[in-house]
file structure23.csv (CSV, N, CA and C atoms)
chain,number,residue,atom,x,y,z
A,1292,MET,N,-76.8,-41.8,-64.0
A,1292,MET,CA,-76.1,-41.4,-62.8
A,1292,MET,C,-75.4,-40.1,-63.1
A,1293,SER,N,-75.4,-39.2,-62.1
A,1293,SER,CA,-74.9,-37.9,-62.3
A,1293,SER,C,-73.4,-37.8,-62.3
A,1294,ASP,N,-72.6,-38.8,-61.9
A,1294,ASP,CA,-71.2,-38.7,-61.9
A,1294,ASP,C,-70.5,-39.2,-63.2
A,1295,GLY,N,-71.3,-39.4,-64.3
A,1295,GLY,CA,-70.8,-39.9,-65.6
A,1295,GLY,C,-70.7,-41.4,-65.6
A,1296,LEU,N,-71.1,-42.1,-64.6
A,1296,LEU,CA,-71.0,-43.5,-64.6
A,1296,LEU,C,-72.4,-44.1,-65.1
A,1297,GLU,N,-72.3,-45.2,-65.8
A,1297,GLU,CA,-73.5,-45.9,-66.3
A,1297,GLU,C,-73.6,-47.2,-65.6
A,1298,ARG,N,-74.8,-47.6,-65.2
A,1298,ARG,CA,-75.1,-48.9,-64.6
A,1298,ARG,C,-75.1,-50.0,-65.7
A,1299,MET,N,-74.6,-51.2,-65.3
A,1299,MET,CA,-74.7,-52.4,-66.1
A,1299,MET,C,-74.8,-53.6,-65.2
A,1300,SER,N,-75.3,-54.6,-65.7
A,1300,SER,CA,-75.4,-55.9,-64.9
A,1300,SER,C,-74.6,-56.9,-65.6
A,1301,VAL,N,-73.8,-57.7,-64.9
A,1301,VAL,CA,-72.9,-58.7,-65.4
A,1301,VAL,C,-73.2,-60.0,-64.6
A,1302,THR,N,-73.4,-61.1,-65.4
A,1302,THR,CA,-73.5,-62.4,-64.7
A,1302,THR,C,-72.2,-63.2,-64.9
A,1303,VAL,N,-71.7,-63.6,-63.8
A,1303,VAL,CA,-70.4,-64.4,-63.8
A,1303,VAL,C,-70.6,-65.6,-63.0
A,1304,PRO,N,-69.7,-66.6,-63.2
A,1304,PRO,CA,-69.7,-67.8,-62.4
A,1304,PRO,C,-69.3,-67.5,-61.0
A,1305,SER,N,-69.8,-68.3,-60.0
A,1305,SER,CA,-69.6,-67.9,-58.6
A,1305,SER,C,-68.1,-67.9,-58.3
A,1306,ASN,N,-67.3,-68.8,-58.9
A,1306,ASN,CA,-65.9,-68.8,-58.6
A,1306,ASN,C,-65.2,-67.5,-59.1
A,1307,LEU,N,-65.7,-66.9,-60.2
A,1307,LEU,CA,-65.1,-65.7,-60.6
A,1307,LEU,C,-65.5,-64.5,-59.7
A,1308,ARG,N,-66.8,-64.6,-59.3
A,1308,ARG,CA,-67.3,-63.6,-58.3
A,1308,ARG,C,-66.4,-63.7,-57.0
A,1309,ASP,N,-66.2,-64.9,-56.5
A,1309,ASP,CA,-65.4,-65.1,-55.3
A,1309,ASP,C,-64.0,-64.6,-55.5
A,1310,ALA,N,-63.4,-64.8,-56.6
A,1310,ALA,CA,-62.1,-64.3,-56.9
A,1310,ALA,C,-62.0,-62.8,-56.9
A,1311,LEU,N,-63.1,-62.2,-57.5
A,1311,LEU,CA,-63.2,-60.7,-57.5
A,1311,LEU,C,-63.3,-60.2,-56.1
A,1312,ASP,N,-64.1,-60.8,-55.3
A,1312,ASP,CA,-64.3,-60.4,-53.9
A,1312,ASP,C,-62.9,-60.5,-53.1
A,1313,ASP,N,-62.2,-61.6,-53.4
A,1313,ASP,CA,-60.8,-61.7,-52.8
A,1313,ASP,C,-59.9,-60.5,-53.1
A,1314,VAL,N,-60.0,-60.1,-54.4
A,1314,VAL,CA,-59.2,-58.9,-54.8
A,1314,VAL,C,-59.7,-57.7,-54.0
A,1315,VAL,N,-61.0,-57.5,-53.9
A,1315,VAL,CA,-61.5,-56.3,-53.2
A,1315,VAL,C,-61.1,-56.4,-51.8
A,1316,GLU,N,-61.1,-57.5,-51.2
A,1316,GLU,CA,-60.8,-57.7,-49.7
A,1316,GLU,C,-59.3,-57.4,-49.4
A,1317,THR,N,-58.4,-57.4,-50.5
A,1317,THR,CA,-57.0,-57.0,-50.2
A,1317,THR,C,-56.9,-55.5,-49.8
A,1318,GLY,N,-58.0,-54.7,-50.2
A,1318,GLY,CA,-57.9,-53.3,-49.8
A,1318,GLY,C,-57.5,-52.4,-50.9
A,1319,ASP,N,-57.1,-53.0,-52.1
A,1319,ASP,CA,-56.7,-52.1,-53.2
A,1319,ASP,C,-57.9,-51.5,-53.9
A,1320,TYR,N,-59.1,-52.1,-53.7
A,1320,TYR,CA,-60.3,-51.5,-54.3
A,1320,TYR,C,-61.3,-51.4,-53.3
A,1321,ALA,N,-62.1,-50.3,-53.4
A,1321,ALA,CA,-63.1,-50.0,-52.4
A,1321,ALA,C,-64.4,-50.8,-52.6
A,1322,SER,N,-64.6,-51.4,-53.9
A,1322,SER,CA,-65.8,-52.1,-54.2
A,1322,SER,C,-65.6,-53.0,-55.4
A,1323,ARG,N,-66.6,-53.9,-55.6
A,1323,ARG,CA,-66.6,-54.7,-56.8
A,1323,ARG,C,-66.6,-53.9,-58.0
A,1324,SER,N,-67.4,-52.8,-58.0
A,1324,SER,CA,-67.5,-51.9,-59.1
A,1324,SER,C,-66.2,-51.3,-59.5
A,1325,GLU,N,-65.5,-50.8,-58.5
A,1325,GLU,CA,-64.2,-50.2,-58.8
A,1325,GLU,C,-63.2,-51.2,-59.4
A,1326,ALA,N,-63.2,-52.4,-58.9
A,1326,ALA,CA,-62.3,-53.4,-59.4
A,1326,ALA,C,-62.7,-53.9,-60.8
A,1327,THR,N,-64.0,-54.0,-61.0
A,1327,THR,CA,-64.5,-54.3,-62.3
A,1327,THR,C,-64.2,-53.3,-63.4
A,1328,ARG,N,-64.4,-52.0,-63.0
A,1328,ARG,CA,-64.0,-50.9,-63.9
A,1328,ARG,C,-62.5,-51.0,-64.3
A,1329,ASP,N,-61.7,-51.3,-63.4
A,1329,ASP,CA,-60.2,-51.4,-63.7
A,1329,ASP,C,-60.0,-52.6,-64.6
A,1330,ALA,N,-60.6,-53.7,-64.3
A,1330,ALA,CA,-60.5,-54.9,-65.1
A,1330,ALA,C,-61.0,-54.7,-66.5
A,1331,LEU,N,-62.1,-54.0,-66.7
A,1331,LEU,CA,-62.6,-53.7,-68.0
A,1331,LEU,C,-61.7,-52.7,-68.8
A,1332,ARG,N,-61.1,-51.8,-68.1
A,1332,ARG,CA,-60.1,-50.9,-68.8
A,1332,ARG,C,-59.0,-51.7,-69.3
A,1333,ALA,N,-58.4,-52.6,-68.5
A,1333,ALA,CA,-57.3,-53.4,-68.9
A,1333,ALA,C,-57.7,-54.3,-70.1
A,1334,PHE,N,-58.9,-54.9,-70.0
A,1334,PHE,CA,-59.4,-55.8,-71.1
A,1334,PHE,C,-59.5,-55.0,-72.4
A,1335,VAL,N,-60.1,-53.8,-72.4
A,1335,VAL,CA,-60.3,-53.0,-73.6
A,1335,VAL,C,-59.0,-52.6,-74.2
A,1336,THR,N,-58.0,-52.2,-73.3
A,1336,THR,CA,-56.7,-51.8,-73.8
A,1336,THR,C,-56.0,-53.0,-74.5
A,1337,GLU,N,-56.1,-54.2,-73.8
A,1337,GLU,CA,-55.4,-55.4,-74.4
A,1337,GLU,C,-56.1,-55.8,-75.7
A,1338,PHE,N,-57.4,-55.7,-75.7
A,1338,PHE,CA,-58.2,-56.1,-76.9
A,1338,PHE,C,-57.8,-55.2,-78.1
A,1339,ASN,N,-57.7,-53.9,-77.8
A,1339,ASN,CA,-57.3,-52.9,-78.9
A,1339,ASN,C,-55.9,-53.1,-79.4
A,1340,ARG,N,-55.0,-53.7,-78.6
A,1340,ARG,CA,-53.7,-54.0,-79.0
A,1340,ARG,C,-53.7,-55.2,-80.0
A,1341,GLN,N,-54.7,-55.9,-80.0
A,1341,GLN,CA,-54.8,-57.1,-80.8
A,1341,GLN,C,-55.7,-57.0,-82.0
A,1342,THR,N,-56.1,-55.8,-82.3
A,1342,THR,CA,-56.9,-55.5,-83.5
A,1342,THR,C,-56.2,-54.4,-84.3
A,1343,GLY,N,-56.6,-54.4,-85.6
A,1343,GLY,CA,-56.0,-53.4,-86.5
A,1343,GLY,C,-54.6,-53.8,-86.9
A,1344,LEU,N,-54.3,-55.1,-86.8
A,1344,LEU,CA,-52.9,-55.6,-87.1
A,1344,LEU,C,-52.7,-55.5,-88.6
A,1345,SER,N,-51.4,-55.2,-88.9
A,1345,SER,CA,-51.0,-55.1,-90.3
A,1345,SER,C,-49.5,-55.3,-90.5
A,1346,GLY,N,-49.1,-55.5,-91.7
A,1346,GLY,CA,-47.7,-55.8,-92.0
A,1346,GLY,C,-47.3,-57.2,-91.6
A,1347,ALA,N,-46.0,-57.4,-91.8
A,1347,ALA,CA,-45.4,-58.7,-91.5
A,1347,ALA,C,-45.2,-58.8,-90.0
A,1348,LEU,N,-45.7,-59.8,-89.3
A,1348,LEU,CA,-45.6,-60.0,-87.9
A,1348,LEU,C,-45.2,-61.4,-87.5
A,1349,SER,N,-44.5,-61.5,-86.4
A,1349,SER,CA,-44.2,-62.8,-85.8
A,1349,SER,C,-44.6,-62.7,-84.4
A,1350,GLY,N,-45.0,-63.9,-83.8
A,1350,GLY,CA,-45.5,-63.9,-82.4
A,1350,GLY,C,-46.0,-65.2,-82.0
A,1351,THR,N,-46.7,-65.2,-80.9
A,1351,THR,CA,-47.3,-66.4,-80.3
A,1351,THR,C,-48.7,-66.0,-79.8
A,1352,VAL,N,-49.6,-67.0,-80.2
A,1352,VAL,CA,-51.0,-66.9,-79.7
A,1352,VAL,C,-51.1,-67.9,-78.6
A,1353,VAL,N,-51.5,-67.5,-77.4
A,1353,VAL,CA,-51.7,-68.5,-76.3
A,1353,VAL,C,-53.2,-68.7,-76.1
A,1354,VAL,N,-53.6,-69.9,-76.1
A,1354,VAL,CA,-55.0,-70.3,-76.0
A,1354,VAL,C,-55.2,-71.2,-74.8
A,1355,LEU,N,-56.1,-70.8,-73.9
A,1355,LEU,CA,-56.5,-71.7,-72.8
A,1355,LEU,C,-57.9,-72.2,-73.1
A,1356,TYR,N,-58.1,-73.5,-73.1
A,1356,TYR,CA,-59.4,-74.0,-73.4
A,1356,TYR,C,-59.7,-75.3,-72.6
A,1357,ASP,N,-61.0,-75.6,-72.5
A,1357,ASP,CA,-61.5,-76.7,-71.8
A,1357,ASP,C,-61.8,-77.8,-72.9
A,1358,HIS,N,-61.0,-78.8,-72.9
A,1358,HIS,CA,-61.2,-79.8,-74.0
A,1358,HIS,C,-62.4,-80.7,-73.8
A,1359,ASP,N,-63.0,-80.6,-72.6
A,1359,ASP,CA,-64.3,-81.4,-72.4
A,1359,ASP,C,-65.5,-80.7,-73.2
A,1360,HIS,N,-65.3,-79.5,-73.6
A,1360,HIS,CA,-66.4,-78.9,-74.4
A,1360,HIS,C,-66.5,-79.5,-75.7
A,1361,SER,N,-67.7,-79.9,-76.1
A,1361,SER,CA,-67.9,-80.6,-77.3
A,1361,SER,C,-67.4,-79.9,-78.5
A,1362,GLY,N,-66.5,-80.5,-79.2
A,1362,GLY,CA,-66.0,-80.0,-80.5
A,1362,GLY,C,-64.9,-79.0,-80.5
A,1363,VAL,N,-64.5,-78.5,-79.3
A,1363,VAL,CA,-63.4,-77.5,-79.3
A,1363,VAL,C,-62.1,-78.0,-79.8
A,1364,ALA,N,-61.7,-79.2,-79.4
A,1364,ALA,CA,-60.4,-79.8,-79.8
A,1364,ALA,C,-60.4,-79.9,-81.3
A,1365,GLU,N,-61.5,-80.4,-81.9
A,1365,GLU,CA,-61.6,-80.6,-83.3
A,1365,GLU,C,-61.5,-79.2,-84.0
A,1366,ALA,N,-62.2,-78.2,-83.5
A,1366,ALA,CA,-62.2,-76.9,-84.0
A,1366,ALA,C,-60.8,-76.3,-84.0
A,1367,MET,N,-60.1,-76.5,-82.9
A,1367,MET,CA,-58.7,-76.0,-82.8
A,1367,MET,C,-57.8,-76.7,-83.9
A,1368,THR,N,-58.0,-78.0,-84.1
A,1368,THR,CA,-57.2,-78.7,-85.2
A,1368,THR,C,-57.6,-78.2,-86.6
A,1369,ASP,N,-58.9,-78.0,-86.8
A,1369,ASP,CA,-59.4,-77.4,-88.1
A,1369,ASP,C,-58.8,-76.1,-88.4
A,1370,LEU,N,-58.7,-75.2,-87.3
A,1370,LEU,CA,-58.2,-73.9,-87.5
A,1370,LEU,C,-56.7,-73.9,-87.8
A,1371,GLN,N,-56.0,-74.9,-87.2
A,1371,GLN,CA,-54.6,-75.0,-87.5
A,1371,GLN,C,-54.3,-75.4,-89.0
A,1372,HIS,N,-55.2,-76.2,-89.5
A,1372,HIS,CA,-55.1,-76.6,-90.9
A,1372,HIS,C,-55.5,-75.4,-91.8
A,1373,ASP,N,-56.6,-74.7,-91.4
A,1373,ASP,CA,-57.0,-73.5,-92.2
A,1373,ASP,C,-56.0,-72.4,-92.2
A,1374,PHE,N,-55.2,-72.3,-91.2
A,1374,PHE,CA,-54.2,-71.3,-91.1
A,1374,PHE,C,-52.7,-71.8,-91.2
A,1375,ALA,N,-52.6,-72.9,-92.0
A,1375,ALA,CA,-51.3,-73.5,-92.2
A,1375,ALA,C,-50.2,-72.5,-92.8
A,1376,ASP,N,-50.7,-71.5,-93.5
A,1376,ASP,CA,-49.9,-70.5,-94.1
A,1376,ASP,C,-49.3,-69.5,-93.0
A,1377,THR,N,-49.9,-69.5,-91.9
A,1377,THR,CA,-49.6,-68.5,-90.8
A,1377,THR,C,-49.0,-69.2,-89.6
A,1378,ILE,N,-49.6,-70.3,-89.2
A,1378,ILE,CA,-49.1,-71.1,-88.0
A,1378,ILE,C,-47.9,-71.9,-88.4
A,1379,ILE,N,-46.8,-71.6,-87.7
A,1379,ILE,CA,-45.5,-72.3,-88.0
A,1379,ILE,C,-45.2,-73.4,-86.9
A,1380,ALA,N,-45.8,-73.3,-85.8
A,1380,ALA,CA,-45.6,-74.4,-84.8
A,1380,ALA,C,-46.7,-74.3,-83.7
A,1381,VAL,N,-47.0,-75.5,-83.1
A,1381,VAL,CA,-47.9,-75.5,-82.0
A,1381,VAL,C,-47.4,-76.4,-80.9
A,1382,HIS,N,-47.5,-75.9,-79.7
A,1382,HIS,CA,-47.1,-76.6,-78.5
A,1382,HIS,C,-48.3,-76.8,-77.6
A,1383,HIS,N,-48.7,-78.1,-77.3
A,1383,HIS,CA,-49.9,-78.4,-76.6
A,1383,HIS,C,-49.5,-78.9,-75.2
A,1384,VAL,N,-50.2,-78.4,-74.1
A,1384,VAL,CA,-49.9,-78.8,-72.8
A,1384,VAL,C,-51.2,-79.1,-72.1
A,1385,HIS,N,-51.3,-80.2,-71.3
A,1385,HIS,CA,-52.4,-80.6,-70.5
A,1385,HIS,C,-52.2,-80.0,-69.1
A,1386,LEU,N,-53.0,-79.0,-68.7
A,1386,LEU,CA,-52.8,-78.3,-67.4
A,1386,LEU,C,-53.5,-79.1,-66.3
A,1387,SER,N,-54.6,-79.7,-66.7
A,1387,SER,CA,-55.4,-80.5,-65.7
A,1387,SER,C,-56.2,-81.6,-66.5
A,1388,ASP,N,-57.1,-82.2,-65.8
A,1388,ASP,CA,-57.9,-83.3,-66.5
A,1388,ASP,C,-58.8,-82.7,-67.6
A,1389,HIS,N,-59.0,-81.4,-67.6
A,1389,HIS,CA,-59.9,-80.8,-68.7
A,1389,HIS,C,-59.3,-79.6,-69.3
A,1390,LEU,N,-58.3,-78.9,-68.7
A,1390,LEU,CA,-57.8,-77.7,-69.3
A,1390,LEU,C,-56.5,-77.9,-70.1
A,1391,CYS,N,-56.5,-77.3,-71.3
A,1391,CYS,CA,-55.4,-77.4,-72.2
A,1391,CYS,C,-54.9,-76.0,-72.5
A,1392,LEU,N,-53.6,-75.9,-72.7
A,1392,LEU,CA,-53.0,-74.6,-73.1
A,1392,LEU,C,-52.2,-74.9,-74.4
A,1393,GLU,N,-52.5,-74.1,-75.4
A,1393,GLU,CA,-51.8,-74.2,-76.7
A,1393,GLU,C,-51.0,-72.9,-76.9
A,1394,SER,N,-49.8,-73.0,-77.3
A,1394,SER,CA,-49.0,-71.9,-77.7
A,1394,SER,C,-48.8,-72.1,-79.2
A,1395,ILE,N,-49.3,-71.1,-79.9
A,1395,ILE,CA,-49.3,-71.2,-81.4
A,1395,ILE,C,-48.4,-70.2,-81.9
A,1396,ALA,N,-47.2,-70.6,-82.5
A,1396,ALA,CA,-46.3,-69.6,-83.1
A,1396,ALA,C,-46.9,-69.2,-84.5
A,1397,VAL,N,-46.9,-67.9,-84.7
A,1397,VAL,CA,-47.5,-67.4,-86.0
A,1397,VAL,C,-46.5,-66.5,-86.6
A,1398,GLU,N,-46.6,-66.5,-88.0
A,1398,GLU,CA,-45.7,-65.6,-88.7
A,1398,GLU,C,-46.5,-65.3,-90.0
A,1399,GLY,N,-46.6,-64.0,-90.3
A,1399,GLY,CA,-47.3,-63.6,-91.6
A,1399,GLY,C,-47.9,-62.3,-91.5
A,1400,ASP,N,-48.9,-62.1,-92.3
A,1400,ASP,CA,-49.6,-60.8,-92.4
A,1400,ASP,C,-50.5,-60.6,-91.2
A,1401,GLY,N,-50.4,-59.4,-90.6
A,1401,GLY,CA,-51.1,-59.0,-89.4
A,1401,GLY,C,-52.6,-59.2,-89.6
A,1402,GLU,N,-53.2,-58.9,-90.7
A,1402,GLU,CA,-54.6,-59.1,-90.9
A,1402,GLU,C,-55.0,-60.6,-90.9
A,1403,ARG,N,-54.1,-61.4,-91.4
A,1403,ARG,CA,-54.4,-62.9,-91.4
A,1403,ARG,C,-54.3,-63.4,-89.9
A,1404,ILE,N,-53.4,-62.9,-89.2
A,1404,ILE,CA,-53.2,-63.3,-87.7
A,1404,ILE,C,-54.5,-62.8,-87.0
A,1405,GLU,N,-54.9,-61.6,-87.2
A,1405,GLU,CA,-56.1,-61.1,-86.6
A,1405,GLU,C,-57.3,-61.9,-86.9
A,1406,THR,N,-57.4,-62.4,-88.1
A,1406,THR,CA,-58.5,-63.3,-88.5
A,1406,THR,C,-58.5,-64.6,-87.7
A,1407,LEU,N,-57.3,-65.1,-87.5
A,1407,LEU,CA,-57.1,-66.3,-86.7
A,1407,LEU,C,-57.7,-66.0,-85.2
A,1408,LEU,N,-57.3,-64.9,-84.7
A,1408,LEU,CA,-57.7,-64.5,-83.3
A,1408,LEU,C,-59.3,-64.4,-83.3
A,1409,ASP,N,-59.8,-63.8,-84.4
A,1409,ASP,CA,-61.3,-63.6,-84.4
A,1409,ASP,C,-62.0,-65.0,-84.5
A,1410,ARG,N,-61.4,-66.0,-85.1
A,1410,ARG,CA,-62.0,-67.3,-85.2
A,1410,ARG,C,-61.8,-68.1,-83.9
A,1411,LEU,N,-60.7,-67.9,-83.1
A,1411,LEU,CA,-60.4,-68.6,-81.9
A,1411,LEU,C,-61.3,-68.1,-80.7
A,1412,ARG,N,-61.5,-66.8,-80.6
A,1412,ARG,CA,-62.1,-66.2,-79.4
A,1412,ARG,C,-63.6,-66.7,-79.2
A,1413,PRO,N,-64.4,-66.9,-80.2
A,1413,PRO,CA,-65.8,-67.3,-80.0
A,1413,PRO,C,-66.0,-68.8,-79.8
A,1414,LEU,N,-64.9,-69.6,-79.9
A,1414,LEU,CA,-65.1,-71.0,-79.8
A,1414,LEU,C,-65.6,-71.4,-78.4
A,1415,GLU,N,-66.7,-72.2,-78.3
A,1415,GLU,CA,-67.2,-72.6,-77.0
A,1415,GLU,C,-66.1,-73.5,-76.3
A,1416,GLY,N,-65.8,-73.1,-75.1
A,1416,GLY,CA,-64.8,-73.9,-74.3
A,1416,GLY,C,-63.5,-73.1,-74.3
A,1417,VAL,N,-63.3,-72.1,-75.1
A,1417,VAL,CA,-62.1,-71.3,-75.1
A,1417,VAL,C,-62.2,-70.2,-74.0
A,1418,HIS,N,-61.3,-70.2,-73.0
A,1418,HIS,CA,-61.3,-69.3,-71.9
A,1418,HIS,C,-60.5,-68.0,-72.1
A,1419,HIS,N,-59.4,-68.2,-72.9
A,1419,HIS,CA,-58.5,-67.0,-73.0
A,1419,HIS,C,-57.7,-67.2,-74.3
A,1420,VAL,N,-57.6,-66.0,-75.0
A,1420,VAL,CA,-56.8,-65.9,-76.2
A,1420,VAL,C,-55.9,-64.7,-76.1
A,1421,LYS,N,-54.6,-64.9,-76.2
A,1421,LYS,CA,-53.7,-63.7,-76.1
A,1421,LYS,C,-52.6,-63.8,-77.2
A,1422,LEU,N,-52.4,-62.7,-77.9
A,1422,LEU,CA,-51.3,-62.6,-78.9
A,1422,LEU,C,-50.2,-61.8,-78.3
A,1423,THR,N,-49.0,-62.3,-78.4
A,1423,THR,CA,-47.8,-61.5,-78.1
A,1423,THR,C,-47.0,-61.4,-79.4
A,1424,VAL,N,-46.7,-60.2,-79.8
A,1424,VAL,CA,-46.0,-59.9,-81.1
A,1424,VAL,C,-44.6,-59.6,-80.7
A,1425,VAL,N,-43.6,-60.1,-81.5
A,1425,VAL,CA,-42.2,-59.8,-81.3
A,1425,VAL,C,-41.6,-59.1,-82.5
A,1426,ASP,N,-40.6,-58.3,-82.3
A,1426,ASP,CA,-40.0,-57.6,-83.4
A,1426,ASP,C,-38.9,-58.6,-83.9
A,1427,ALA,N,-39.2,-59.2,-85.0
A,1427,ALA,CA,-38.2,-60.2,-85.5
A,1427,ALA,C,-37.1,-59.6,-86.4
A,1428,GLU,N,-37.2,-58.3,-86.5
A,1428,GLU,CA,-36.2,-57.6,-87.3
A,1428,GLU,C,-35.0,-57.1,-86.5
A,1429,SER,N,-35.1,-57.2,-85.2
A,1429,SER,CA,-34.0,-56.7,-84.3
A,1429,SER,C,-32.9,-57.7,-84.2
call {"tool": "encode", "arguments": {"input": "structure23.csv", "output": "structure tokens"}}
result
Amino acid sequence: MSDGLERMSVTVPSNLRDALDDVVETGDYASRSEATRDALRAFVTEFNRQTGLSGALSGTVVVLYDHDHSGVAEAMTDLQHDFADTIIAVHHVHLSDHLCLESIAVEGDGERIETLLDRLRPLEGVHHVKLTVVDAES
């Protein structure tokens, strides 16, 4: 394309497509493409904030997952044991008959926390992983 934009195709569930269409229909975006570009910019920015971590950090990892997915609950428990040196507390909430939210308090080396994130993100059934870091020195 001559305007510096590249074409790509994305397959999404119909409910996500419908939600995107609802956003476009508010009038804030002229098209799905414009809204998708904005969402991708936000995703890349947030992802980059959660990589290259170093030094002593404290924070919370929030994980949203579908516990009906085979093995995800067991994998979450295994990770908590594998990262016992970094995970200091876990709070588990049932949001619906199949969705769970875990708030995982972490403290330790940034590289170790990033490794935890790298192990959580690809788990089948995990919908969202987000790290919030706090300045514990203040």
call {"tool": "closest_residue", "arguments": {"input": "structure23.csv", "among": "A:Ser1349, A:Thr1302, A:Thr1317, A:Gln1371", "to": "Val1424 in chain A", "atoms": "only C-alpha atoms"}}
result
A:Ser1349
call {"tool": "residues_around", "arguments": {"input": "structure23.csv", "residues": "Gly1343 in chain A", "least_positions_apart": "5", "cutoff": "8 Å", "atoms": "all atoms listed in the file", "output": "ChimeraX atom specification"}}
result
/A:1338,1401-1402,1405
call {"tool": "write_last_selection", "arguments": {"input": "structure23.csv", "atoms": "N, CA and C atoms", "output": "PDB file, in the frame of the given file"}}
result
ATOM      1  N   PHE A1338     -57.400 -55.700 -75.700  1.00  0.00           N
ATOM      2  CA  PHE A1338     -58.200 -56.100 -76.900  1.00  0.00           C
ATOM      3  C   PHE A1338     -57.800 -55.200 -78.100  1.00  0.00           C
ATOM      4  N   GLY A1401     -50.400 -59.400 -90.600  1.00  0.00           N
ATOM      5  CA  GLY A1401     -51.100 -59.000 -89.400  1.00  0.00           C
ATOM      6  C   GLY A1401     -52.600 -59.200 -89.600  1.00  0.00           C
ATOM      7  N   GLU A1402     -53.200 -58.900 -90.700  1.00  0.00           N
ATOM      8  CA  GLU A1402     -54.600 -59.100 -90.900  1.00  0.00           C
ATOM      9  C   GLU A1402     -55.000 -60.600 -90.900  1.00  0.00           C
ATOM     10  N   GLU A1405     -54.900 -61.600 -87.200  1.00  0.00           N
ATOM     11  CA  GLU A1405     -56.100 -61.100 -86.600  1.00  0.00           C
ATOM     12  C   GLU A1405     -57.300 -61.900 -86.900  1.00  0.00           C
TER      13      GLU A1405
END
call {"tool": "atom_distance", "arguments": {"input": "structure23.csv", "atom1": "atom N of Ser1361 in chain A", "atom2": "atom N of Asp1388 in chain A"}}
result
15.0 Å
call {"tool": "select_by_dssp", "arguments": {"input": "structure23.csv", "residues": "chain A", "states": "strand (DSSP E)", "output": "JSON, numbers by chain"}}
result
{"A": [1347, 1348, 1349, 1350, 1351, 1352, 1353, 1354, 1355, 1356, 1357, 1378, 1379, 1380, 1381, 1382, 1383, 1384, 1385, 1390, 1391, 1392, 1393, 1394, 1395, 1396, 1397, 1398, 1399, 1400, 1417, 1418, 1419, 1420, 1421, 1422, 1423, 1424, 1425]}
call {"tool": "select_by_dssp", "arguments": {"input": "structure23.csv", "residues": "range 1356-1411 of chain A", "states": "helix (DSSP H, G or I)", "output": "number ranges by chain"}}
result
A: 1363-1373, 1401-1411
call {"tool": "atom_distance", "arguments": {"input": "structure23.csv", "atom1": "atom N of Asp1400 in chain A", "atom2": "atom N of His1382 in chain A"}}
result
18.7 Å
call {"tool": "residues_around", "arguments": {"input": "structure23.csv", "residues": "Val1425 in chain A", "least_positions_apart": "4", "cutoff": "10 Å", "atoms": "only C-alpha atoms", "output": "compact mmCIF listing (two decimals) with N, CA and C atoms, in the frame of the given file"}}
result
# COMPACT_ATOMS: atom_id res chain seq x y z
N LEU A 1348 -45.70 -59.80 -89.30
CA LEU A 1348 -45.60 -60.00 -87.90
C LEU A 1348 -45.20 -61.40 -87.50
N SER A 1349 -44.50 -61.50 -86.40
CA SER A 1349 -44.20 -62.80 -85.80
C SER A 1349 -44.60 -62.70 -84.40
N GLY A 1350 -45.00 -63.90 -83.80
CA GLY A 1350 -45.50 -63.90 -82.40
C GLY A 1350 -46.00 -65.20 -82.00
N THR A 1351 -46.70 -65.20 -80.90
CA THR A 1351 -47.30 -66.40 -80.30
C THR A 1351 -48.70 -66.00 -79.80
N SER A 1429 -35.10 -57.20 -85.20
CA SER A 1429 -34.00 -56.70 -84.30
C SER A 1429 -32.90 -57.70 -84.20
call {"tool": "decode", "arguments": {"input": "structure23.csv", "residues": "range 1317-1324 of chain A", "atoms": "N, CA, C and O atoms", "output": "PDB file, in the first residue's frame"}}
result
ATOM      1  N   THR A1317     -19.616   3.696  17.892  1.00  0.00           N
ATOM      2  CA  THR A1317     -19.692   4.869  18.776  1.00  0.00           C
ATOM      3  C   THR A1317     -19.287   6.139  18.054  1.00  0.00           C
ATOM      4  O   THR A1317     -19.582   7.234  18.506  1.00  0.00           O
ATOM      5  N   GLY A1318     -18.569   5.965  16.937  1.00  0.00           N
ATOM      6  CA  GLY A1318     -18.151   7.122  16.150  1.00  0.00           C
ATOM      7  C   GLY A1318     -16.733   7.583  16.433  1.00  0.00           C
ATOM      8  O   GLY A1318     -16.230   8.488  15.780  1.00  0.00           O
ATOM      9  N   ASP A1319     -16.066   6.961  17.414  1.00  0.00           N
ATOM     10  CA  ASP A1319     -14.695   7.351  17.730  1.00  0.00           C
ATOM     11  C   ASP A1319     -13.695   6.852  16.689  1.00  0.00           C
ATOM     12  O   ASP A1319     -12.592   7.386  16.578  1.00  0.00           O
ATOM     13  N   TYR A1320     -14.075   5.826  15.936  1.00  0.00           N
ATOM     14  CA  TYR A1320     -13.217   5.266  14.896  1.00  0.00           C
ATOM     15  C   TYR A1320     -14.002   5.192  13.590  1.00  0.00           C
ATOM     16  O   TYR A1320     -15.178   4.869  13.593  1.00  0.00           O
ATOM     17  N   ALA A1321     -13.304   5.458  12.504  1.00  0.00           N
ATOM     18  CA  ALA A1321     -13.949   5.458  11.192  1.00  0.00           C
ATOM     19  C   ALA A1321     -14.128   4.048  10.634  1.00  0.00           C
ATOM     20  O   ALA A1321     -14.969   3.835   9.770  1.00  0.00           O
ATOM     21  N   SER A1322     -13.338   3.095  11.151  1.00  0.00           N
ATOM     22  CA  SER A1322     -13.393   1.744  10.597  1.00  0.00           C
ATOM     23  C   SER A1322     -12.840   0.739  11.597  1.00  0.00           C
ATOM     24  O   SER A1322     -12.191   1.105  12.577  1.00  0.00           O
ATOM     25  N   ARG A1323     -13.085  -0.536  11.303  1.00  0.00           N
ATOM     26  CA  ARG A1323     -12.485  -1.604  12.107  1.00  0.00           C
ATOM     27  C   ARG A1323     -10.961  -1.498  12.067  1.00  0.00           C
ATOM     28  O   ARG A1323     -10.286  -1.708  13.074  1.00  0.00           O
ATOM     29  N   SER A1324     -10.434  -1.198  10.881  1.00  0.00           N
ATOM     30  CA  SER A1324      -8.970  -1.118  10.743  1.00  0.00           C
ATOM     31  C   SER A1324      -8.380  -0.058  11.653  1.00  0.00           C
ATOM     32  O   SER A1324      -7.353  -0.287  12.305  1.00  0.00           O
TER      33      SER A1324
END
